[in-house]
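S.K.: Contents of structure.txt (compact mmCIF, C-alpha atoms) are given next:
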# COMPACT_ATOMS: atom_id res chain seq x y z
CA MET D 1 0.00 0.00 0.00
CA ASP D 2 1.38 3.46 -0.97
CA THR D 3 1.31 6.74 0.97
CA GLU D 4 -2.12 7.66 -0.49
CA GLY D 5 -3.68 4.45 0.79
CA ASN D 6 -4.03 2.84 -2.63
CA LEU D 7 -3.38 -0.84 -3.14
CA PRO D 8 -0.39 -1.72 -5.38
CA GLU D 9 -1.16 -2.66 -8.98
CA MET D 10 -1.61 -6.39 -9.59
CA SER D 11 -0.30 -8.26 -12.60
CA PHE D 12 -2.58 -10.11 -15.00
CA TRP D 13 -1.77 -13.45 -13.37
CA GLU D 14 -2.44 -12.04 -9.89
CA HIS D 15 -5.85 -10.80 -11.09
CA LEU D 16 -6.55 -14.21 -12.59
CA ASP D 17 -5.55 -15.93 -9.35
CA ALA D 18 -7.81 -13.60 -7.33
CA LEU D 19 -10.73 -14.28 -9.70
CA ARG D 20 -10.15 -18.04 -9.46
CA SER D 21 -10.19 -17.80 -5.66
CA VAL D 22 -13.52 -15.93 -5.75
CA LEU D 23 -15.07 -18.43 -8.21
CA ILE D 24 -13.98 -21.36 -6.04
CA LYS D 25 -15.63 -19.72 -3.01
CA ILE D 26 -18.83 -19.22 -5.02
CA VAL D 27 -18.89 -22.85 -6.17
CA VAL D 28 -18.29 -24.11 -2.60
CA LEU D 29 -21.00 -21.80 -1.25
CA LEU D 30 -23.53 -22.97 -3.86
CA ALA D 31 -22.63 -26.63 -3.29
CA VAL D 32 -23.02 -26.39 0.50
CA THR D 33 -26.30 -24.46 0.20
CA MET D 34 -27.61 -26.92 -2.38
CA ILE D 35 -26.81 -29.86 -0.12
CA GLY D 36 -28.68 -28.14 2.71
CA PHE D 37 -31.75 -27.61 0.51
CA PHE D 38 -31.49 -31.17 -0.81
CA VAL D 39 -31.64 -32.57 2.73
CA ALA D 40 -34.52 -30.27 3.75
CA MET D 41 -36.42 -30.64 0.46
CA PRO D 42 -38.89 -33.46 1.35
CA SER D 43 -40.54 -31.53 4.21
CA MET D 44 -40.01 -28.16 2.50
CA PHE D 45 -41.62 -29.45 -0.70
CA ASP D 46 -44.86 -30.33 1.07
CA SER D 47 -45.15 -27.23 3.25
CA VAL D 48 -43.83 -24.53 0.90
CA ILE D 49 -43.62 -25.52 -2.77
CA LEU D 50 -46.89 -27.47 -2.86
CA ALA D 51 -48.72 -25.06 -0.53
CA PRO D 52 -50.49 -23.24 -3.44
CA CYS D 53 -52.10 -26.57 -4.38
CA ASP D 54 -54.22 -26.46 -1.21
CA GLY D 55 -57.34 -24.34 -0.75
CA ASN D 56 -56.02 -23.18 2.63
CA PHE D 57 -53.21 -21.17 0.98
CA VAL D 58 -53.05 -17.63 2.36
CA LEU D 59 -53.86 -15.85 -0.94
CA TYR D 60 -56.95 -17.99 -1.55
CA ARG D 61 -58.29 -17.19 1.92
CA VAL D 62 -57.66 -13.45 1.41
CA LEU D 63 -59.33 -13.41 -2.02
CA SER D 64 -62.24 -15.45 -0.71
CA LYS D 65 -62.79 -12.93 2.07
CA ILE D 66 -62.57 -10.02 -0.40
CA ALA D 67 -65.06 -11.75 -2.74
CA SER D 68 -67.53 -12.13 0.13
CA ILE D 69 -67.33 -8.40 0.91
CA VAL D 70 -66.95 -6.68 -2.48
CA PRO D 71 -69.92 -7.12 -4.85
CA GLY D 72 -69.06 -8.27 -8.34
CA CYS D 73 -65.90 -10.19 -7.38
CA PRO D 74 -65.83 -13.83 -8.52
CA GLU D 75 -66.42 -16.35 -5.75
CA LEU D 76 -63.41 -18.38 -4.69
CA THR D 77 -63.88 -21.77 -3.06
CA THR D 78 -61.29 -22.69 -0.43
CA ASP D 79 -62.91 -25.65 1.37
CA GLY D 80 -61.93 -28.94 -0.19
CA TYR D 81 -59.98 -27.33 -3.02
CA HIS D 82 -56.85 -29.23 -4.01
CA VAL D 83 -54.70 -29.54 -7.13
CA GLY D 84 -53.35 -33.09 -7.39
CA LEU D 85 -50.03 -33.75 -9.14
CA ILE D 86 -48.95 -36.87 -10.97
CA ASN D 87 -45.52 -38.15 -12.01
CA ILE D 88 -45.26 -39.75 -15.46
CA GLU D 89 -41.47 -40.06 -15.85
CA LEU D 90 -39.31 -42.51 -13.92
CA THR D 91 -36.53 -39.99 -13.22
CA SER D 92 -38.70 -36.89 -12.73
CA GLN D 93 -38.94 -36.91 -8.94
CA PHE D 94 -35.18 -37.26 -8.49
CA MET D 95 -34.44 -34.60 -11.12
CA VAL D 96 -36.98 -32.21 -9.58
CA HIS D 97 -35.36 -32.81 -6.19
CA MET D 98 -31.94 -31.93 -7.64
CA THR D 99 -32.92 -28.97 -9.83
CA THR D 100 -35.17 -27.36 -7.21
CA SER D 101 -32.39 -27.64 -4.62
CA PHE D 102 -29.99 -25.97 -7.07
CA TRP D 103 -32.30 -23.08 -8.01
CA LEU D 104 -33.25 -22.38 -4.41
CA ALA D 105 -29.56 -22.43 -3.46
CA LEU D 106 -28.83 -19.98 -6.27
CA VAL D 107 -31.61 -17.61 -5.19
CA PHE D 108 -30.85 -17.59 -1.49
CA SER D 109 -27.08 -17.44 -2.04
CA PHE D 110 -27.43 -14.60 -4.53
CA PRO D 111 -26.49 -11.79 -2.08
CA ALA D 112 -23.39 -13.68 -0.93
CA VAL D 113 -22.41 -14.49 -4.53
CA ILE D 114 -22.69 -10.82 -5.52
CA TYR D 115 -20.70 -9.83 -2.43
CA LEU D 116 -17.89 -12.23 -3.36
CA LEU D 117 -17.79 -10.81 -6.89
CA TRP D 118 -17.81 -7.34 -5.32
CA THR D 119 -14.65 -8.13 -3.32
CA PHE D 120 -12.92 -8.83 -6.64
CA VAL D 121 -14.13 -5.65 -8.39
CA GLU D 122 -14.00 -3.22 -5.45
CA PRO D 123 -10.23 -2.40 -5.52
CA ALA D 124 -10.59 -1.05 -9.08
CA LEU D 125 -13.38 1.41 -8.22
CA TYR D 126 -13.22 5.03 -7.09
CA PRO D 127 -14.78 5.96 -3.70
CA ASN D 128 -17.90 7.51 -5.30
CA GLU D 129 -18.34 4.43 -7.51
CA LYS D 130 -18.07 2.19 -4.44
CA ARG D 131 -20.86 4.13 -2.67
CA GLY D 132 -23.12 3.87 -5.72
CA ALA D 133 -22.37 0.16 -6.11
CA ARG D 134 -23.22 -0.52 -2.45
CA ARG D 135 -26.59 1.22 -2.81
CA ALA D 136 -27.28 -0.70 -6.02
CA PHE D 137 -26.32 -3.96 -4.31
CA LEU D 138 -28.72 -3.41 -1.40
CA ALA D 139 -31.56 -2.13 -3.59
CA GLY D 140 -31.11 -4.90 -6.16
CA ASN D 141 -31.28 -7.65 -3.55
CA LEU D 142 -34.28 -6.11 -1.80
CA MET D 143 -36.24 -5.70 -5.04
CA PHE D 144 -35.33 -9.17 -6.27
CA PHE D 145 -36.62 -10.86 -3.12
CA LEU D 146 -39.75 -8.68 -3.14
CA GLY D 147 -40.38 -9.89 -6.68
CA VAL D 148 -39.80 -13.51 -5.68
CA ALA D 149 -42.24 -13.07 -2.78
CA MET D 150 -44.87 -11.58 -5.08
CA GLY D 151 -44.35 -14.41 -7.55
CA TYR D 152 -44.82 -17.02 -4.82
CA PHE D 153 -47.69 -15.45 -2.88
CA ILE D 154 -49.66 -13.85 -5.74
CA VAL D 155 -48.67 -14.51 -9.36
CA PHE D 156 -48.11 -18.26 -9.27
CA PRO D 157 -51.14 -19.15 -7.09
CA VAL D 158 -53.47 -17.03 -9.25
CA SER D 159 -52.08 -18.63 -12.43
CA LEU D 160 -52.27 -22.13 -10.95
CA ARG D 161 -55.83 -21.60 -9.76
CA PHE D 162 -56.99 -20.52 -13.20
CA LEU D 163 -55.05 -22.98 -15.33
CA ALA D 164 -55.76 -26.04 -13.16
CA ASP D 165 -59.50 -25.32 -13.33
CA TYR D 166 -59.64 -24.34 -17.00
CA HIS D 167 -61.24 -26.81 -19.44
CA VAL D 168 -61.44 -26.50 -23.19
CA SER D 169 -63.94 -29.37 -22.87
CA GLU D 170 -65.49 -31.02 -19.83
CA LEU D 171 -64.65 -34.35 -21.47
CA VAL D 172 -60.93 -33.65 -21.00
CA PRO D 173 -59.96 -33.81 -17.30
CA ASN D 174 -56.86 -31.96 -16.08
CA GLN D 175 -53.99 -34.07 -14.76
CA VAL D 176 -51.12 -31.78 -13.78
CA SER D 177 -47.70 -33.39 -14.04
CA LEU D 178 -44.96 -32.71 -11.51
CA ASP D 179 -42.61 -31.41 -14.25
CA SER D 180 -45.23 -29.01 -15.60
CA TYR D 181 -45.99 -27.68 -12.12
CA MET D 182 -42.33 -27.10 -11.26
CA ASP D 183 -41.53 -25.48 -14.62
CA THR D 184 -44.34 -22.98 -14.12
CA PHE D 185 -43.52 -22.48 -10.43
CA LEU D 186 -39.84 -21.71 -10.98
CA SER D 187 -40.25 -19.66 -14.17
CA LEU D 188 -42.98 -17.36 -12.80
CA ILE D 189 -41.25 -16.78 -9.46
CA PHE D 190 -37.85 -16.01 -11.02
CA LEU D 191 -39.51 -13.93 -13.74
CA MET D 192 -41.12 -11.73 -11.08
CA GLY D 193 -37.77 -11.42 -9.31
CA LEU D 194 -36.25 -10.11 -12.54
CA VAL D 195 -39.23 -7.81 -13.25
CA PHE D 196 -38.73 -6.16 -9.87
CA GLU D 197 -35.18 -5.24 -10.90
CA PHE D 198 -36.62 -2.79 -13.45
CA PRO D 199 -36.33 0.29 -11.16
CA LEU D 200 -32.66 -0.51 -10.53
CA VAL D 201 -31.98 -0.90 -14.26
CA ALA D 202 -33.78 2.40 -14.92
CA TRP D 203 -31.71 4.11 -12.21
CA MET D 204 -28.46 2.80 -13.70
CA LEU D 205 -29.47 3.88 -17.23
CA GLY D 206 -30.39 7.28 -15.81
CA LYS D 207 -26.96 7.59 -14.18
CA MET D 208 -25.39 6.80 -17.55
CA GLY D 209 -27.49 9.50 -19.22
CA VAL D 210 -29.28 6.99 -21.45
CA LEU D 211 -32.72 7.34 -19.83
CA HIS D 212 -34.58 10.46 -18.67
CA ARG D 213 -37.82 11.06 -16.78
CA ASP D 214 -39.63 12.49 -19.81
CA PHE D 215 -39.45 9.03 -21.41
CA PHE D 216 -41.81 7.68 -18.73
CA SER D 217 -44.22 10.61 -19.14
CA LYS D 218 -44.23 10.34 -22.92
CA PHE D 219 -44.91 6.60 -23.01
CA ARG D 220 -47.10 6.25 -19.88
CA ARG D 221 -50.27 5.39 -21.83
CA HIS D 222 -48.38 2.88 -23.95
CA ALA D 223 -46.87 1.40 -20.80
CA VAL D 224 -50.29 0.97 -19.18
CA VAL D 225 -51.52 -1.01 -22.19
CA ALA D 226 -48.32 -3.07 -22.41
CA LEU D 227 -48.31 -3.85 -18.68
CA LEU D 228 -51.98 -4.87 -18.81
CA ILE D 229 -51.09 -7.29 -21.61
CA VAL D 230 -48.17 -8.64 -19.57
CA ALA D 231 -50.40 -9.05 -16.51
CA ALA D 232 -53.06 -10.80 -18.60
CA PHE D 233 -50.40 -13.09 -20.08
CA ILE D 234 -49.00 -13.98 -16.65
CA THR D 235 -52.48 -14.60 -15.23
CA PRO D 236 -54.71 -15.71 -18.11
CA GLY D 237 -57.87 -15.49 -16.01
CA ASP D 238 -60.52 -13.01 -14.93
CA ILE D 239 -60.10 -9.24 -14.79
CA PHE D 240 -59.73 -9.28 -10.99
CA SER D 241 -56.66 -11.54 -11.17
CA THR D 242 -55.18 -9.40 -13.94
CA ILE D 243 -55.56 -6.23 -11.84
CA VAL D 244 -53.99 -7.96 -8.81
CA VAL D 245 -50.83 -8.49 -10.87
CA PHE D 246 -51.01 -5.25 -12.89
CA VAL D 247 -51.05 -2.84 -9.92
CA PRO D 248 -47.65 -3.81 -8.42
CA ILE D 249 -46.00 -3.90 -11.86
CA TYR D 250 -47.35 -0.44 -12.70
CA CYS D 251 -46.09 0.84 -9.32
CA LEU D 252 -42.62 -0.35 -10.41
CA TYR D 253 -42.98 1.76 -13.56
CA GLU D 254 -43.81 4.89 -11.55
CA MET D 255 -41.02 4.13 -9.07
CA SER D 256 -38.58 3.90 -11.96
CA ALA D 257 -39.73 7.32 -13.21
CA LEU D 258 -39.01 8.85 -9.80
CA LEU D 259 -35.50 7.37 -9.70
CA VAL D 260 -34.51 8.89 -13.06
CA LYS D 261 -33.52 12.55 -13.46
CA PRO D 262 -35.27 14.91 -15.90
CA ALA D 263 -33.66 15.54 -19.26
CA PRO D 264 -30.99 18.29 -19.18
CA ALA D 265 -33.16 20.62 -21.30
CA ASP D 266 -35.96 20.40 -18.68
CA GLU D 267 -33.77 21.22 -15.69
CA GLY D 268 -33.86 24.71 -14.25
What is this structure when it is put down as structure tokens?

M.R.:
Amino acid sequence: MDTEGNLPEMSFWEHLDALRSVLIKIVVLLAVTMIGFFVAMPSMFDSVILAPCDGNFVLYRVLSKIASIVPGCPELTTDGYHVGLINIELTSQFMVHMTTSFWLALVFSFPAVIYLLWTFVEPALYPNEKRGARRAFLAGNLMFFLGVAMGYFIVFPVSLRFLADYHVSELVPNQVSLDSYMDTFLSLIFLMGLVFEFPLVAWMLGKMGVLHRDFFSKFRRHAVVALLIVAAFITPGDIFSTIVVFVPIYCLYEMSALLVKPAPADEG
């Protein structure tokens, strides 16, 4: 370290060695976390992952209470409701056990993984860049987990409820396979986690001067239509379910507008 407190420059091979050390730590962390989820998966699968299959799930009870109070809302049965799953492939249950353990390990280790990568990048940043990166790190993790929570408690249960009960013909009964359930479960939850990163992406683009607040004002009406289509696509059901998903996503749009500065011509 020199008199100004800066770290000495590292050679290419020293950088490569430092990166390899960080990657090894990440792999070990993911492996240990995955093993922990693999061991806990049988009980966790029943009480958490399959919870939306039961009529007693928290969202169903809330929507049922709302439907009994607000006129015009569709009735929602909770008593005796259950979505049964079947397994049609010999290896499916083992593969679901493995892949679900991996994805959960990746999600819950995400803050630690980003921190380890941060320790590699941090020495090359200026003090003001470090402060901005720390704020982005905290905000990004918070928004990602909020999105995952919304996906689990709202988006996936609403989609499951509609799709499991939908019939193109009453002569064709629904038999939901384990693979189909898990594909939809994981994709919707992780998709919502990524969607909730939109304000952070907007903030970063604003800092780079690529995005300005007038963009959000100019395209607000277009955004409302587009977000309604996205909400309807995520929850292909009644208008009430679509609105339940649309409102939080639109709030993200308005939050992004607040995080971005006005265009230079509009300032002052």

S.K.: Go ahead and compute the interatomic distance for CA of Ala18 in chain D and CA of Ser101 in chain D, in Å to one decimal.

M.R.: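 Computing the Euclidean distance for CA of Ala18 in chain D and CA of Ser101 in chain D yields 28.4 Å.
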
S.K.: Out of D:Leu85, D:Leu29, D:Leu138, D:Val244, which residue has the shortest atom-to-atom distance to Ser177 in chain D when counting all atoms listed in the file?

M.R.: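 With all atoms listed in the file as the atom set, the closest residue is D:Leu85.
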
S.K.: Using the file's own x, y and z axes, so that the box edges lie along x, y and z, what centre and edge lengths in Å (one decimal) does a box around every listed atom of range 40-47 of chain D get when 8 Å is added on each side? Give it as AutoDock Vina command-line options.

M.R.:
--center_x -39.8 --center_y -30.3 --center_z 1.8 --size_x 26.6 --size_y 22.2 --size_z 20.9

S.K.: I'd like the interatomic distance between CA of Leu186 in chain D and CA of Leu160 in chain D, to a tenth of an Å.

M.R.: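 CA of Leu160 in chain D lies 12.4 Å from CA of Leu186 in chain D.
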
S.K.: Mind giving me the straight-line distance from CA of Phe108 in chain D to CA of Ile249 in chain D in Å, one decimal?

M.R.: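 Atom-to-atom, CA of Phe108 in chain D and CA of Ile249 in chain D are spaced 22.9 Å apart.
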
S.K.: Is there a way to get, as a list of chain:residue names, all residues within 6 Å of the point (-44.8, -22.0, -6.4) in file coordinates, counting all atoms listed in the file?

M.R.: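 Neighbouring residues, ordered by chain and number, come to D:Ile49, D:Tyr152, D:Phe156, D:Phe185.
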
S.K.: List every protein, DNA or RNA residue that has an atom no more than 8 Å from (-55.0, -10.7, -4.3) in the file's coordinate frame, counting only C-alpha atoms, and report them as a list in words.

M.R.: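 Within 8 Å of (-55.0, -10.7, -4.3), the protein and nucleic acid residues are Leu59, Val62, Leu63, Ile154, Ser241 and Val244 of chain D.
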
S.K.: Pull C-alpha atoms for range 128-262 of chain D from the block and write them as a PDB file, in the first residue's frame.

M.R.:
ATOM      1  CA  ASN D 128     -17.895   7.514  -5.299  1.00  0.00           C
ATOM      2  CA  GLU D 129     -18.339   4.425  -7.513  1.00  0.00           C
ATOM      3  CA  LYS D 130     -18.073   2.194  -4.437  1.00  0.00           C
ATOM      4  CA  ARG D 131     -20.857   4.134  -2.669  1.00  0.00           C
ATOM      5  CA  GLY D 132     -23.118   3.868  -5.717  1.00  0.00           C
ATOM      6  CA  ALA D 133     -22.374   0.160  -6.112  1.00  0.00           C
ATOM      7  CA  ARG D 134     -23.219  -0.515  -2.454  1.00  0.00           C
ATOM      8  CA  ARG D 135     -26.592   1.217  -2.813  1.00  0.00           C
ATOM      9  CA  ALA D 136     -27.282  -0.695  -6.019  1.00  0.00           C
ATOM     10  CA  PHE D 137     -26.325  -3.964  -4.308  1.00  0.00           C
ATOM     11  CA  LEU D 138     -28.720  -3.413  -1.404  1.00  0.00           C
ATOM     12  CA  ALA D 139     -31.561  -2.127  -3.586  1.00  0.00           C
ATOM     13  CA  GLY D 140     -31.114  -4.901  -6.159  1.00  0.00           C
ATOM     14  CA  ASN D 141     -31.280  -7.652  -3.547  1.00  0.00           C
ATOM     15  CA  LEU D 142     -34.275  -6.110  -1.797  1.00  0.00           C
ATOM     16  CA  MET D 143     -36.237  -5.695  -5.036  1.00  0.00           C
ATOM     17  CA  PHE D 144     -35.328  -9.175  -6.274  1.00  0.00           C
ATOM     18  CA  PHE D 145     -36.619 -10.856  -3.119  1.00  0.00           C
ATOM     19  CA  LEU D 146     -39.748  -8.682  -3.137  1.00  0.00           C
ATOM     20  CA  GLY D 147     -40.377  -9.887  -6.683  1.00  0.00           C
ATOM     21  CA  VAL D 148     -39.800 -13.507  -5.684  1.00  0.00           C
ATOM     22  CA  ALA D 149     -42.241 -13.069  -2.776  1.00  0.00           C
ATOM     23  CA  MET D 150     -44.869 -11.576  -5.082  1.00  0.00           C
ATOM     24  CA  GLY D 151     -44.351 -14.413  -7.546  1.00  0.00           C
ATOM     25  CA  TYR D 152     -44.823 -17.016  -4.815  1.00  0.00           C
ATOM     26  CA  PHE D 153     -47.694 -15.448  -2.885  1.00  0.00           C
ATOM     27  CA  ILE D 154     -49.661 -13.848  -5.743  1.00  0.00           C
ATOM     28  CA  VAL D 155     -48.671 -14.506  -9.363  1.00  0.00           C
ATOM     29  CA  PHE D 156     -48.110 -18.264  -9.273  1.00  0.00           C
ATOM     30  CA  PRO D 157     -51.138 -19.148  -7.087  1.00  0.00           C
ATOM     31  CA  VAL D 158     -53.472 -17.028  -9.250  1.00  0.00           C
ATOM     32  CA  SER D 159     -52.085 -18.625 -12.430  1.00  0.00           C
ATOM     33  CA  LEU D 160     -52.272 -22.128 -10.949  1.00  0.00           C
ATOM     34  CA  ARG D 161     -55.829 -21.603  -9.757  1.00  0.00           C
ATOM     35  CA  PHE D 162     -56.995 -20.523 -13.198  1.00  0.00           C
ATOM     36  CA  LEU D 163     -55.046 -22.983 -15.335  1.00  0.00           C
ATOM     37  CA  ALA D 164     -55.756 -26.038 -13.158  1.00  0.00           C
ATOM     38  CA  ASP D 165     -59.501 -25.323 -13.334  1.00  0.00           C
ATOM     39  CA  TYR D 166     -59.635 -24.345 -17.004  1.00  0.00           C
ATOM     40  CA  HIS D 167     -61.241 -26.807 -19.435  1.00  0.00           C
ATOM     41  CA  VAL D 168     -61.442 -26.498 -23.185  1.00  0.00           C
ATOM     42  CA  SER D 169     -63.936 -29.366 -22.872  1.00  0.00           C
ATOM     43  CA  GLU D 170     -65.492 -31.022 -19.835  1.00  0.00           C
ATOM     44  CA  LEU D 171     -64.652 -34.355 -21.474  1.00  0.00           C
ATOM     45  CA  VAL D 172     -60.929 -33.647 -21.003  1.00  0.00           C
ATOM     46  CA  PRO D 173     -59.955 -33.811 -17.300  1.00  0.00           C
ATOM     47  CA  ASN D 174     -56.862 -31.964 -16.084  1.00  0.00           C
ATOM     48  CA  GLN D 175     -53.992 -34.070 -14.760  1.00  0.00           C
ATOM     49  CA  VAL D 176     -51.124 -31.784 -13.779  1.00  0.00           C
ATOM     50  CA  SER D 177     -47.703 -33.392 -14.042  1.00  0.00           C
ATOM     51  CA  LEU D 178     -44.956 -32.705 -11.511  1.00  0.00           C
ATOM     52  CA  ASP D 179     -42.614 -31.412 -14.252  1.00  0.00           C
ATOM     53  CA  SER D 180     -45.232 -29.008 -15.597  1.00  0.00           C
ATOM     54  CA  TYR D 181     -45.990 -27.677 -12.121  1.00  0.00           C
ATOM     55  CA  MET D 182     -42.330 -27.095 -11.255  1.00  0.00           C
ATOM     56  CA  ASP D 183     -41.525 -25.478 -14.617  1.00  0.00           C
ATOM     57  CA  THR D 184     -44.338 -22.981 -14.123  1.00  0.00           C
ATOM     58  CA  PHE D 185     -43.524 -22.477 -10.429  1.00  0.00           C
ATOM     59  CA  LEU D 186     -39.840 -21.709 -10.981  1.00  0.00           C
ATOM     60  CA  SER D 187     -40.248 -19.664 -14.167  1.00  0.00           C
ATOM     61  CA  LEU D 188     -42.981 -17.364 -12.797  1.00  0.00           C
ATOM     62  CA  ILE D 189     -41.250 -16.780  -9.464  1.00  0.00           C
ATOM     63  CA  PHE D 190     -37.851 -16.013 -11.016  1.00  0.00           C
ATOM     64  CA  LEU D 191     -39.507 -13.926 -13.744  1.00  0.00           C
ATOM     65  CA  MET D 192     -41.124 -11.728 -11.083  1.00  0.00           C
ATOM     66  CA  GLY D 193     -37.769 -11.425  -9.310  1.00  0.00           C
ATOM     67  CA  LEU D 194     -36.251 -10.113 -12.535  1.00  0.00           C
ATOM     68  CA  VAL D 195     -39.225  -7.812 -13.253  1.00  0.00           C
ATOM     69  CA  PHE D 196     -38.726  -6.160  -9.869  1.00  0.00           C
ATOM     70  CA  GLU D 197     -35.177  -5.235 -10.903  1.00  0.00           C
ATOM     71  CA  PHE D 198     -36.625  -2.789 -13.451  1.00  0.00           C
ATOM     72  CA  PRO D 199     -36.333   0.295 -11.163  1.00  0.00           C
ATOM     73  CA  LEU D 200     -32.663  -0.509 -10.532  1.00  0.00           C
ATOM     74  CA  VAL D 201     -31.984  -0.902 -14.258  1.00  0.00           C
ATOM     75  CA  ALA D 202     -33.781   2.401 -14.919  1.00  0.00           C
ATOM     76  CA  TRP D 203     -31.714   4.114 -12.214  1.00  0.00           C
ATOM     77  CA  MET D 204     -28.462   2.804 -13.701  1.00  0.00           C
ATOM     78  CA  LEU D 205     -29.465   3.885 -17.227  1.00  0.00           C
ATOM     79  CA  GLY D 206     -30.386   7.279 -15.808  1.00  0.00           C
ATOM     80  CA  LYS D 207     -26.960   7.587 -14.176  1.00  0.00           C
ATOM     81  CA  MET D 208     -25.391   6.797 -17.551  1.00  0.00           C
ATOM     82  CA  GLY D 209     -27.494   9.497 -19.222  1.00  0.00           C
ATOM     83  CA  VAL D 210     -29.276   6.985 -21.452  1.00  0.00           C
ATOM     84  CA  LEU D 211     -32.725   7.337 -19.829  1.00  0.00           C
ATOM     85  CA  HIS D 212     -34.578  10.457 -18.668  1.00  0.00           C
ATOM     86  CA  ARG D 213     -37.822  11.058 -16.783  1.00  0.00           C
ATOM     87  CA  ASP D 214     -39.634  12.495 -19.810  1.00  0.00           C
ATOM     88  CA  PHE D 215     -39.450   9.028 -21.407  1.00  0.00           C
ATOM     89  CA  PHE D 216     -41.814   7.683 -18.725  1.00  0.00           C
ATOM     90  CA  SER D 217     -44.216  10.611 -19.139  1.00  0.00           C
ATOM     91  CA  LYS D 218     -44.230  10.336 -22.920  1.00  0.00           C
ATOM     92  CA  PHE D 219     -44.914   6.601 -23.009  1.00  0.00           C
ATOM     93  CA  ARG D 220     -47.096   6.250 -19.884  1.00  0.00           C
ATOM     94  CA  ARG D 221     -50.266   5.394 -21.831  1.00  0.00           C
ATOM     95  CA  HIS D 222     -48.381   2.883 -23.951  1.00  0.00           C
ATOM     96  CA  ALA D 223     -46.870   1.396 -20.798  1.00  0.00           C
ATOM     97  CA  VAL D 224     -50.295   0.972 -19.181  1.00  0.00           C
ATOM     98  CA  VAL D 225     -51.522  -1.013 -22.188  1.00  0.00           C
ATOM     99  CA  ALA D 226     -48.317  -3.066 -22.406  1.00  0.00           C
ATOM    100  CA  LEU D 227     -48.311  -3.850 -18.678  1.00  0.00           C
ATOM    101  CA  LEU D 228     -51.981  -4.868 -18.810  1.00  0.00           C
ATOM    102  CA  ILE D 229     -51.091  -7.289 -21.610  1.00  0.00           C
ATOM    103  CA  VAL D 230     -48.166  -8.642 -19.565  1.00  0.00           C
ATOM    104  CA  ALA D 231     -50.402  -9.053 -16.511  1.00  0.00           C
ATOM    105  CA  ALA D 232     -53.061 -10.799 -18.595  1.00  0.00           C
ATOM    106  CA  PHE D 233     -50.401 -13.087 -20.077  1.00  0.00           C
ATOM    107  CA  ILE D 234     -48.997 -13.977 -16.652  1.00  0.00           C
ATOM    108  CA  THR D 235     -52.477 -14.602 -15.229  1.00  0.00           C
ATOM    109  CA  PRO D 236     -54.708 -15.706 -18.115  1.00  0.00           C
ATOM    110  CA  GLY D 237     -57.870 -15.488 -16.011  1.00  0.00           C
ATOM    111  CA  ASP D 238     -60.524 -13.007 -14.931  1.00  0.00           C
ATOM    112  CA  ILE D 239     -60.096  -9.235 -14.790  1.00  0.00           C
ATOM    113  CA  PHE D 240     -59.733  -9.276 -10.990  1.00  0.00           C
ATOM    114  CA  SER D 241     -56.658 -11.536 -11.169  1.00  0.00           C
ATOM    115  CA  THR D 242     -55.181  -9.402 -13.936  1.00  0.00           C
ATOM    116  CA  ILE D 243     -55.564  -6.234 -11.843  1.00  0.00           C
ATOM    117  CA  VAL D 244     -53.990  -7.958  -8.814  1.00  0.00           C
ATOM    118  CA  VAL D 245     -50.831  -8.495 -10.873  1.00  0.00           C
ATOM    119  CA  PHE D 246     -51.005  -5.246 -12.887  1.00  0.00           C
ATOM    120  CA  VAL D 247     -51.052  -2.838  -9.921  1.00  0.00           C
ATOM    121  CA  PRO D 248     -47.646  -3.813  -8.417  1.00  0.00           C
ATOM    122  CA  ILE D 249     -46.004  -3.895 -11.864  1.00  0.00           C
ATOM    123  CA  TYR D 250     -47.346  -0.436 -12.696  1.00  0.00           C
ATOM    124  CA  CYS D 251     -46.092   0.842  -9.321  1.00  0.00           C
ATOM    125  CA  LEU D 252     -42.621  -0.346 -10.409  1.00  0.00           C
ATOM    126  CA  TYR D 253     -42.983   1.761 -13.556  1.00  0.00           C
ATOM    127  CA  GLU D 254     -43.813   4.888 -11.553  1.00  0.00           C
ATOM    128  CA  MET D 255     -41.020   4.132  -9.066  1.00  0.00           C
ATOM    129  CA  SER D 256     -38.576   3.898 -11.960  1.00  0.00           C
ATOM    130  CA  ALA D 257     -39.730   7.322 -13.206  1.00  0.00           C
ATOM    131  CA  LEU D 258     -39.014   8.852  -9.804  1.00  0.00           C
ATOM    132  CA  LEU D 259     -35.501   7.370  -9.705  1.00  0.00           C
ATOM    133  CA  VAL D 260     -34.514   8.887 -13.060  1.00  0.00           C
ATOM    134  CA  LYS D 261     -33.517  12.545 -13.458  1.00  0.00           C
ATOM    135  CA  PRO D 262     -35.266  14.912 -15.899  1.00  0.00           C
TER     136      PRO D 262
END
